[in-house]
Amino acid sequence: MNYRHAYHAGNFADVFKHAFLLIALEHLKQKEKPFFVLDTHAGTGLYDLQGAQAGKTGEWTEGIGRLLDVAAVPDPLVSYCKLVRRIGGDTDRFYPGSPYIVRETMRQNDRLALCELHPDDVALLSANMGRDPRVRVQACDGYAAIKAMLPPPERRGLVLIDPPFERRDEFQLMERAVQDGLKRWASGTYALWYPVKDPDSHRAFRAALSSLTGTRVWFVELCVYPDLFPSRLNGCGLVFVNPPWSIIKAADDMMPFLCDVLRQQEGAFWEAGWCAGDP
């Protein structure tokens, strides 16, 4: 894939990913102790849906555009829709990426580390984050940051691994990243986003992660087409290592609704389950 995110901001994959991200963050906020979030592939943090890049594809109209047109949403999606509307303004023009969602959810003592390699995106990301002492923006390889930044002093938190999938070995890089992370921070939650194109690839990826013995690994996938073809983006998935229980409950409550709203064809489907460590 060639996935410069500004062209795809607010699409069905963003809705899926960011809804679960916010639920995970709200789970972390249930305890008073501070938490740490590492976003390994941060992008620019905020996207103009009326800009040239998003306008070229118009993918947001079949993603967040559809969701915001629905009068009532399931409880797990209420906070997400409110946040998007608040940031988007009266015209819903702007869409928040994961850095913005995390920053808007954090408390005073929580911390966020953002990694991005593309020079132009790093500059925009820094501008969008402003002078927030809780947020650190770095022009660096997010996979290397896992080794450099973990474990955090907070001991609680989340690592979001959401690469652009411009490399053929991206799945293998993600597997090694989780292994490196767990060696340093076994209690952290790891959320890994991936595209569903070639069914064999993402199933092999889940199987590889299931070899992380002694670790709870859970996945959820949304396919907006009924049949899977390697030549298109059929859907996407998230794998959670050490998932919070609220994520699993939320999937049952909101995924039938999201599948219906975001489908591209009749017969769209979703699935979820344990890869390893089913209690």
# chains A, B, ... in the order shown; residues from 1 in each chain; ligands from 1

call {"tool": "closest_atom_pairs", "arguments": {"of": "region 3-68 of chain A", "to": "region 124-127 of chain A", "cutoff": "9 Å", "atoms": "only C-alpha atoms", "output": "Markdown table"}}
result
| residue | atom | partner | partner_atom | distance |
| --- | --- | --- | --- | --- |
| A:Ala42 | CA | A:Leu125 | CA | 8.0 |
| A:Gly43 | CA | A:Leu125 | CA | 6.8 |
| A:Thr44 | CA | A:Leu125 | CA | 4.1 |
| A:Gly45 | CA | A:Leu125 | CA | 5.6 |
| A:Leu46 | CA | A:Leu125 | CA | 7.8 |

call {"tool": "write_last_selection", "arguments": {"atoms": "N, CA and C atoms", "output": "compact mmCIF listing (two decimals), in the first residue's frame"}}
result
# COMPACT_ATOMS: atom_id res chain seq x y z
N ALA A 42 2.61 8.68 13.74
CA ALA A 42 1.61 9.66 14.17
C ALA A 42 0.93 10.42 13.04
N GLY A 43 1.58 10.63 11.90
CA GLY A 43 0.99 11.47 10.86
C GLY A 43 1.03 12.93 11.27
N THR A 44 0.03 13.70 10.84
CA THR A 44 0.00 15.13 11.14
C THR A 44 -0.93 15.48 12.29
N GLY A 45 -1.77 14.55 12.70
CA GLY A 45 -2.61 14.78 13.87
C GLY A 45 -3.95 15.42 13.61
N LEU A 46 -4.08 16.19 12.53
CA LEU A 46 -5.34 16.88 12.22
C LEU A 46 -5.45 17.02 10.72

call {"tool": "select_by_dssp", "arguments": {"residues": "region 5-227 of chain A", "states": "helix (DSSP H, G or I)", "output": "PyMOL selection string"}}
result
chain A and resi 5-7+12-28+52-57+59-62+64-68+75-88+98-105+119-129+142-149+170-184+199-209

call {"tool": "atom_distance", "arguments": {"atom1": "CA of Arg156 (chain A)", "atom2": "CA of Leu28 (chain A)"}}
result
7.8 Å

call {"tool": "residues_around", "arguments": {"residues": "region 240-244 of chain A", "least_positions_apart": "2", "cutoff": "7 Å", "atoms": "only C-alpha atoms", "output": "MDAnalysis selection string"}}
result
chainID A and resid 24 188:192 215:219 238 246:247

call {"tool": "atom_distance", "arguments": {"atom1": "CA of Lys249 (chain A)", "atom2": "CA of Phe165 (chain A)"}}
result
28.8 Å

call {"tool": "residues_around", "arguments": {"residues": "region 255-267 of chain A", "least_positions_apart": "2", "cutoff": "10 Å", "atoms": "only C-alpha atoms", "output": "PyMOL selection string"}}
result
chain A and resi 11-13+15-16+62-67+69-70+73-74+76-77+220-227+234-235+250-253+269-272

call {"tool": "residues_around", "arguments": {"residues": "Asp14 (chain A)", "least_positions_apart": "3", "cutoff": "10 Å", "atoms": "only C-alpha atoms", "output": "PyMOL selection string"}}
result
chain A and resi 5+8-11+17-20+60+63-64+95-98+236

call {"tool": "write_last_selection", "arguments": {"atoms": "N, CA, C and O atoms", "output": "short mmCIF file (atom, residue, chain, number, x, y, z; two decimals), in the first residue's frame"}}
result
data_model
loop_
_atom_site.label_atom_id
_atom_site.label_comp_id
_atom_site.auth_asym_id
_atom_site.auth_seq_id
_atom_site.Cartn_x
_atom_site.Cartn_y
_atom_site.Cartn_z
N HIS A 5 -1.71 9.55 4.80
CA HIS A 5 -2.99 9.52 5.49
C HIS A 5 -3.91 10.68 5.14
O HIS A 5 -5.13 10.56 5.25
N HIS A 8 -6.79 9.79 3.05
CA HIS A 8 -7.75 8.80 3.54
C HIS A 8 -8.37 9.17 4.88
O HIS A 8 -9.11 8.38 5.46
N ALA A 9 -8.07 10.37 5.37
CA ALA A 9 -8.53 10.78 6.70
C ALA A 9 -10.05 10.71 6.80
O ALA A 9 -10.77 11.13 5.90
N GLY A 10 -10.52 10.16 7.91
CA GLY A 10 -11.95 10.08 8.16
C GLY A 10 -12.66 8.96 7.43
O GLY A 10 -13.90 8.89 7.47
N ASN A 11 -11.90 8.07 6.77
CA ASN A 11 -12.57 6.97 6.06
C ASN A 11 -13.04 5.90 7.04
O ASN A 11 -12.90 6.05 8.26
N LYS A 17 -10.83 2.45 13.78
CA LYS A 17 -9.62 2.53 14.61
C LYS A 17 -9.77 3.53 15.75
O LYS A 17 -9.45 3.23 16.91
N HIS A 18 -10.26 4.71 15.44
CA HIS A 18 -10.29 5.77 16.45
C HIS A 18 -11.39 5.56 17.49
O HIS A 18 -11.25 5.98 18.64
N ALA A 19 -12.46 4.91 17.09
CA ALA A 19 -13.50 4.58 18.08
C ALA A 19 -12.93 3.65 19.15
O ALA A 19 -13.15 3.86 20.35
N PHE A 20 -12.18 2.63 18.73
CA PHE A 20 -11.58 1.71 19.70
C PHE A 20 -10.47 2.38 20.49
O PHE A 20 -10.29 2.11 21.68
N TRP A 60 -13.78 10.19 3.17
CA TRP A 60 -14.42 10.52 4.45
C TRP A 60 -15.93 10.52 4.35
O TRP A 60 -16.63 10.30 5.34
N GLY A 63 -17.17 7.36 5.45
CA GLY A 63 -16.68 6.98 6.76
C GLY A 63 -17.33 7.86 7.82
O GLY A 63 -18.49 7.67 8.17
N ILE A 64 -16.59 8.85 8.30
CA ILE A 64 -17.12 9.72 9.34
C ILE A 64 -18.33 10.51 8.85
O ILE A 64 -19.23 10.84 9.63
N TYR A 95 -10.86 16.71 10.78
CA TYR A 95 -10.96 15.38 11.40
C TYR A 95 -9.70 15.12 12.23
O TYR A 95 -8.58 15.33 11.75
N PRO A 96 -9.86 14.67 13.48
CA PRO A 96 -8.70 14.43 14.33
C PRO A 96 -8.05 13.08 14.07
O PRO A 96 -8.73 12.05 14.05
N GLY A 97 -6.74 13.09 13.89
CA GLY A 97 -6.00 11.84 13.87
C GLY A 97 -5.76 11.34 15.28
O GLY A 97 -6.15 11.98 16.27
N SER A 98 -5.08 10.22 15.40
CA SER A 98 -4.86 9.63 16.72
C SER A 98 -4.12 10.56 17.68
O SER A 98 -4.47 10.62 18.87
N CYS A 236 -10.29 -3.65 7.56
CA CYS A 236 -9.13 -3.44 8.43
C CYS A 236 -9.36 -4.13 9.76
O CYS A 236 -10.48 -4.55 10.07
#

call {"tool": "closest_residue", "arguments": {"among": "A:Val122, A:Ala186, A:Val196, A:Leu22", "to": "Cys81 (chain A)", "atoms": "only C-alpha atoms"}}
result
A:Leu22

call {"tool": "closest_residue", "arguments": {"among": "A:Leu25, A:Leu49, A:Ala139, A:Val239", "to": "Pro195 (chain A)", "atoms": "only C-alpha atoms"}}
result
A:Val239

call {"tool": "residues_around", "arguments": {"residues": "region 31-40 of chain A", "least_positions_apart": "6", "cutoff": "7 Å", "atoms": "only C-alpha atoms", "output": "number ranges by chain"}}
result
A: 109-115, 142-143, 152, 154, 156-162

call {"tool": "write_last_selection", "arguments": {"atoms": "N, CA and C atoms", "output": "compact mmCIF listing (two decimals), in the first residue's frame"}}
result
# COMPACT_ATOMS: atom_id res chain seq x y z
N ASN A 109 -1.48 15.05 34.12
CA ASN A 109 -0.25 14.32 34.41
C ASN A 109 0.03 13.18 33.43
N ASP A 110 -0.82 12.99 32.43
CA ASP A 110 -0.58 11.96 31.43
C ASP A 110 0.41 12.47 30.37
N ARG A 111 1.04 11.54 29.65
CA ARG A 111 2.03 11.92 28.65
C ARG A 111 1.77 11.23 27.33
N LEU A 112 2.18 11.91 26.23
CA LEU A 112 2.03 11.39 24.88
C LEU A 112 3.33 11.60 24.11
N ALA A 113 3.85 10.53 23.51
CA ALA A 113 5.03 10.61 22.64
C ALA A 113 4.60 10.27 21.22
N LEU A 114 4.95 11.14 20.28
CA LEU A 114 4.53 11.00 18.89
C LEU A 114 5.76 10.86 18.00
N CYS A 115 5.76 9.83 17.17
CA CYS A 115 6.87 9.58 16.27
C CYS A 115 6.40 9.69 14.82
N GLY A 142 9.39 4.99 14.53
CA GLY A 142 8.54 4.57 15.64
C GLY A 142 8.89 3.20 16.18
N TYR A 143 9.36 2.29 15.32
CA TYR A 143 9.76 0.98 15.81
C TYR A 143 10.98 1.09 16.74
N PRO A 152 7.90 3.12 30.29
CA PRO A 152 7.74 4.49 30.76
C PRO A 152 7.68 4.54 32.29
N GLU A 154 5.51 5.92 34.03
CA GLU A 154 4.12 5.81 34.50
C GLU A 154 3.68 4.37 34.73
N ARG A 156 1.76 2.54 33.28
CA ARG A 156 0.45 2.25 32.70
C ARG A 156 0.36 2.95 31.35
N GLY A 157 -0.32 2.31 30.38
CA GLY A 157 -0.51 3.02 29.13
C GLY A 157 -0.68 2.14 27.92
N LEU A 158 -0.46 2.76 26.75
CA LEU A 158 -0.82 2.17 25.47
C LEU A 158 0.24 2.50 24.43
N VAL A 159 0.56 1.52 23.59
CA VAL A 159 1.39 1.74 22.41
C VAL A 159 0.51 1.50 21.19
N LEU A 160 0.36 2.53 20.35
CA LEU A 160 -0.42 2.41 19.11
C LEU A 160 0.57 2.27 17.96
N ILE A 161 0.45 1.16 17.24
CA ILE A 161 1.31 0.89 16.08
C ILE A 161 0.41 0.87 14.84
N ASP A 162 0.50 1.92 14.06
CA ASP A 162 -0.43 2.15 12.95
C ASP A 162 0.38 2.59 11.72

call {"tool": "closest_residue", "arguments": {"among": "A:Asp180, A:Glu59, A:Asp48, A:Asp169", "to": "Phe205 (chain A)", "atoms": "only C-alpha atoms"}}
result
A:Asp169

call {"tool": "atom_distance", "arguments": {"atom1": "CA of Tyr194 (chain A)", "atom2": "CA of Gln50 (chain A)"}}
result
26.1 Å

call {"tool": "select_by_dssp", "arguments": {"residues": "region 184-260 of chain A", "states": "strand (DSSP E or B)", "output": "JSON list (two decimals) with all heavy atoms, in the first residue's frame"}}
result
[["chain", "number", "residue", "atom", "x", "y", "z"],
["A", 189, "THR", "N", -0.54, -2.06, 27.18],
["A", 189, "THR", "CA", -1.47, -2.47, 26.13],
["A", 189, "THR", "C", -0.90, -2.06, 24.78],
["A", 189, "THR", "O", -0.45, -0.92, 24.60],
["A", 189, "THR", "CB", -2.85, -1.82, 26.33],
["A", 189, "THR", "OG1", -3.44, -2.36, 27.53],
["A", 189, "THR", "CG2", -3.77, -2.12, 25.16],
["A", 190, "TYR", "N", -0.91, -2.96, 23.82],
["A", 190, "TYR", "CA", -0.41, -2.70, 22.47],
["A", 190, "TYR", "C", -1.57, -2.84, 21.49],
["A", 190, "TYR", "O", -2.25, -3.88, 21.47],
["A", 190, "TYR", "CB", 0.71, -3.67, 22.11],
["A", 190, "TYR", "CG", 1.91, -3.56, 23.02],
["A", 190, "TYR", "CD1", 1.91, -4.16, 24.28],
["A", 190, "TYR", "CD2", 3.04, -2.84, 22.63],
["A", 190, "TYR", "CE1", 3.01, -4.05, 25.13],
["A", 190, "TYR", "CE2", 4.14, -2.72, 23.48],
["A", 190, "TYR", "CZ", 4.10, -3.33, 24.72],
["A", 190, "TYR", "OH", 5.19, -3.21, 25.56],
["A", 191, "ALA", "N", -1.81, -1.80, 20.70],
["A", 191, "ALA", "CA", -2.87, -1.82, 19.69],
["A", 191, "ALA", "C", -2.24, -1.71, 18.32],
["A", 191, "ALA", "O", -1.50, -0.75, 18.04],
["A", 191, "ALA", "CB", -3.84, -0.66, 19.92],
["A", 192, "LEU", "N", -2.48, -2.69, 17.46],
["A", 192, "LEU", "CA", -1.85, -2.75, 16.14],
["A", 192, "LEU", "C", -2.93, -2.74, 15.07],
["A", 192, "LEU", "O", -3.78, -3.63, 15.02],
["A", 192, "LEU", "CB", -1.00, -4.01, 16.00],
["A", 192, "LEU", "CG", 0.15, -4.19, 16.98],
["A", 192, "LEU", "CD1", -0.30, -4.92, 18.25],
["A", 192, "LEU", "CD2", 1.29, -4.98, 16.34],
["A", 193, "TRP", "N", -2.88, -1.72, 14.21],
["A", 193, "TRP", "CA", -3.83, -1.62, 13.10],
["A", 193, "TRP", "C", -3.22, -2.27, 11.86],
["A", 193, "TRP", "O", -2.02, -2.17, 11.62],
["A", 193, "TRP", "CB", -4.14, -0.16, 12.79],
["A", 193, "TRP", "CG", -5.11, 0.02, 11.65],
["A", 193, "TRP", "CD1", -6.46, 0.10, 11.74],
["A", 193, "TRP", "CD2", -4.79, 0.13, 10.25],
["A", 193, "TRP", "NE1", -7.02, 0.24, 10.48],
["A", 193, "TRP", "CE2", -6.00, 0.26, 9.54],
["A", 193, "TRP", "CE3", -3.59, 0.11, 9.53],
["A", 193, "TRP", "CZ2", -6.07, 0.40, 8.16],
["A", 193, "TRP", "CZ3", -3.64, 0.24, 8.13],
["A", 193, "TRP", "CH2", -4.87, 0.39, 7.47],
["A", 194, "TYR", "N", -4.09, -2.92, 11.05],
["A", 194, "TYR", "CA", -3.60, -3.52, 9.81],
["A", 194, "TYR", "C", -4.72, -3.52, 8.76],
["A", 194, "TYR", "O", -5.91, -3.57, 9.09],
["A", 194, "TYR", "CB", -3.11, -4.95, 10.04],
["A", 194, "TYR", "CG", -4.14, -5.90, 10.63],
["A", 194, "TYR", "CD1", -4.96, -6.68, 9.81],
["A", 194, "TYR", "CD2", -4.30, -6.01, 12.01],
["A", 194, "TYR", "CE1", -5.89, -7.55, 10.36],
["A", 194, "TYR", "CE2", -5.22, -6.88, 12.56],
["A", 194, "TYR", "CZ", -6.02, -7.64, 11.73],
["A", 194, "TYR", "OH", -6.95, -8.49, 12.27],
["A", 195, "PRO", "N", -4.34, -3.45, 7.47],
["A", 195, "PRO", "CA", -5.34, -3.53, 6.40],
["A", 195, "PRO", "C", -5.70, -4.98, 6.12],
["A", 195, "PRO", "O", -4.88, -5.89, 6.32],
["A", 195, "PRO", "CB", -4.60, -2.92, 5.21],
["A", 195, "PRO", "CG", -3.16, -3.28, 5.45],
["A", 195, "PRO", "CD", -2.98, -3.24, 6.95],
["A", 196, "VAL", "N", -6.91, -5.20, 5.69],
["A", 196, "VAL", "CA", -7.34, -6.53, 5.24],
["A", 196, "VAL", "C", -7.37, -6.51, 3.72],
["A", 196, "VAL", "O", -8.27, -5.92, 3.11],
["A", 196, "VAL", "CB", -8.71, -6.91, 5.82],
["A", 196, "VAL", "CG1", -9.19, -8.23, 5.22],
["A", 196, "VAL", "CG2", -8.65, -7.02, 7.33],
["A", 217, "VAL", "N", -4.07, -11.93, 23.67],
["A", 217, "VAL", "CA", -4.08, -11.28, 22.37],
["A", 217, "VAL", "C", -5.47, -11.43, 21.77],
["A", 217, "VAL", "O", -5.96, -12.55, 21.59],
["A", 217, "VAL", "CB", -3.02, -11.89, 21.42],
["A", 217, "VAL", "CG1", -3.02, -11.16, 20.08],
["A", 217, "VAL", "CG2", -1.63, -11.85, 22.05],
["A", 218, "TRP", "N", -6.09, -10.31, 21.44],
["A", 218, "TRP", "CA", -7.47, -10.30, 20.95],
["A", 218, "TRP", "C", -7.54, -9.44, 19.70],
["A", 218, "TRP", "O", -6.82, -8.45, 19.57],
["A", 218, "TRP", "CB", -8.38, -9.73, 22.04],
["A", 218, "TRP", "CG", -9.83, -9.63, 21.72],
["A", 218, "TRP", "CD1", -10.78, -10.60, 21.84],
["A", 218, "TRP", "CD2", -10.54, -8.47, 21.24],
["A", 218, "TRP", "NE1", -12.02, -10.13, 21.48],
["A", 218, "TRP", "CE2", -11.89, -8.82, 21.10],
["A", 218, "TRP", "CE3", -10.14, -7.16, 20.93],
["A", 218, "TRP", "CZ2", -12.86, -7.92, 20.65],
["A", 218, "TRP", "CZ3", -11.09, -6.26, 20.48],
["A", 218, "TRP", "CH2", -12.44, -6.64, 20.35],
["A", 219, "PHE", "N", -8.39, -9.84, 18.74],
["A", 219, "PHE", "CA", -8.51, -9.08, 17.49],
["A", 219, "PHE", "C", -9.96, -8.74, 17.20],
["A", 219, "PHE", "O", -10.89, -9.40, 17.66],
["A", 219, "PHE", "CB", -7.92, -9.87, 16.32],
["A", 219, "PHE", "CG", -8.86, -10.94, 15.78],
["A", 219, "PHE", "CD1", -9.68, -10.69, 14.70],
["A", 219, "PHE", "CD2", -8.92, -12.19, 16.38],
["A", 219, "PHE", "CE1", -10.56, -11.64, 14.21],
["A", 219, "PHE", "CE2", -9.78, -13.17, 15.91],
["A", 219, "PHE", "CZ", -10.61, -12.89, 14.82],
["A", 220, "VAL", "N", -10.12, -7.69, 16.40],
["A", 220, "VAL", "CA", -11.42, -7.34, 15.86],
["A", 220, "VAL", "C", -11.20, -6.84, 14.44],
["A", 220, "VAL", "O", -10.24, -6.11, 14.16],
["A", 220, "VAL", "CB", -12.13, -6.27, 16.74],
["A", 220, "VAL", "CG1", -11.29, -5.02, 16.90],
["A", 220, "VAL", "CG2", -13.52, -5.94, 16.18],
["A", 221, "GLU", "N", -12.06, -7.25, 13.51],
["A", 221, "GLU", "CA", -11.93, -6.87, 12.11],
["A", 221, "GLU", "C", -13.27, -6.40, 11.56],
["A", 221, "GLU", "O", -14.33, -6.93, 11.94],
["A", 221, "GLU", "CB", -11.43, -8.04, 11.25],
["A", 221, "GLU", "CG", -9.97, -8.37, 11.44],
["A", 221, "GLU", "CD", -9.50, -9.48, 10.50],
["A", 221, "GLU", "OE1", -10.34, -10.01, 9.73],
["A", 221, "GLU", "OE2", -8.32, -9.83, 10.55],
["A", 222, "LEU", "N", -13.19, -5.44, 10.66],
["A", 222, "LEU", "CA", -14.35, -4.96, 9.92],
["A", 222, "LEU", "C", -14.04, -5.07, 8.43],
["A", 222, "LEU", "O", -13.06, -4.50, 7.96],
["A", 222, "LEU", "CB", -14.65, -3.50, 10.27],
["A", 222, "LEU", "CG", -15.67, -2.79, 9.37],
["A", 222, "LEU", "CD1", -17.05, -3.42, 9.50],
["A", 222, "LEU", "CD2", -15.72, -1.30, 9.68],
["A", 223, "CYS", "N", -14.87, -5.80, 7.70],
["A", 223, "CYS", "CA", -14.74, -5.91, 6.25],
["A", 223, "CYS", "C", -15.98, -5.28, 5.61],
["A", 223, "CYS", "O", -17.10, -5.74, 5.85],
["A", 223, "CYS", "CB", -14.59, -7.36, 5.81],
["A", 223, "CYS", "SG", -13.00, -8.08, 6.30],
["A", 235, "GLY", "N", -11.07, -4.15, 4.10],
["A", 235, "GLY", "CA", -11.43, -3.80, 5.46],
["A", 235, "GLY", "C", -10.17, -3.56, 6.26],
["A", 235, "GLY", "O", -9.09, -3.32, 5.71],
["A", 236, "CYS", "N", -10.29, -3.65, 7.56],
["A", 236, "CYS", "CA", -9.13, -3.44, 8.43],
["A", 236, "CYS", "C", -9.36, -4.13, 9.76],
["A", 236, "CYS", "O", -10.48, -4.55, 10.07],
["A", 236, "CYS", "CB", -8.86, -1.95, 8.62],
["A", 236, "CYS", "SG", -10.20, -1.06, 9.42],
["A", 237, "GLY", "N", -8.29, -4.23, 10.51],
["A", 237, "GLY", "CA", -8.39, -4.89, 11.80],
["A", 237, "GLY", "C", -7.52, -4.23, 12.84],
["A", 237, "GLY", "O", -6.64, -3.43, 12.54],
["A", 238, "LEU", "N", -7.79, -4.58, 14.07],
["A", 238, "LEU", "CA", -6.97, -4.18, 15.21],
["A", 238, "LEU", "C", -6.67, -5.42, 16.03],
["A", 238, "LEU", "O", -7.56, -6.24, 16.29],
["A", 238, "LEU", "CB", -7.70, -3.17, 16.09],
["A", 238, "LEU", "CG", -7.72, -1.71, 15.65],
["A", 238, "LEU", "CD1", -8.76, -0.94, 16.45],
["A", 238, "LEU", "CD2", -6.34, -1.07, 15.82],
["A", 239, "VAL", "N", -5.41, -5.55, 16.41],
["A", 239, "VAL", "CA", -5.02, -6.57, 17.38],
["A", 239, "VAL", "C", -4.63, -5.86, 18.66],
["A", 239, "VAL", "O", -3.86, -4.89, 18.63],
["A", 239, "VAL", "CB", -3.84, -7.42, 16.87],
["A", 239, "VAL", "CG1", -3.32, -8.33, 17.99],
["A", 239, "VAL", "CG2", -4.27, -8.27, 15.70],
["A", 240, "PHE", "N", -5.17, -6.31, 19.78],
["A", 240, "PHE", "CA", -4.84, -5.76, 21.09],
["A", 240, "PHE", "C", -4.09, -6.81, 21.89],
["A", 240, "PHE", "O", -4.60, -7.91, 22.10],
["A", 240, "PHE", "CB", -6.10, -5.34, 21.85],
["A", 240, "PHE", "CG", -6.71, -4.06, 21.37],
["A", 240, "PHE", "CD1", -7.68, -4.08, 20.37],
["A", 240, "PHE", "CD2", -6.33, -2.84, 21.91],
["A", 240, "PHE", "CE1", -8.25, -2.89, 19.94],
["A", 240, "PHE", "CE2", -6.89, -1.66, 21.48],
["A", 240, "PHE", "CZ", -7.86, -1.69, 20.48],
["A", 241, "VAL", "N", -2.89, -6.46, 22.31],
["A", 241, "VAL", "CA", -2.14, -7.28, 23.25],
["A", 241, "VAL", "C", -2.38, -6.70, 24.64],
["A", 241, "VAL", "O", -2.22, -5.50, 24.85],
["A", 241, "VAL", "CB", -0.64, -7.28, 22.91],
["A", 241, "VAL", "CG1", 0.14, -8.13, 23.91],
["A", 241, "VAL", "CG2", -0.42, -7.79, 21.49]]

call {"tool": "closest_residue", "arguments": {"among": "A:Gly130, A:Arg203, A:Ala6, A:Ser211", "to": "Gln179 (chain A)", "atoms": "only C-alpha atoms"}}
result
A:Ser211
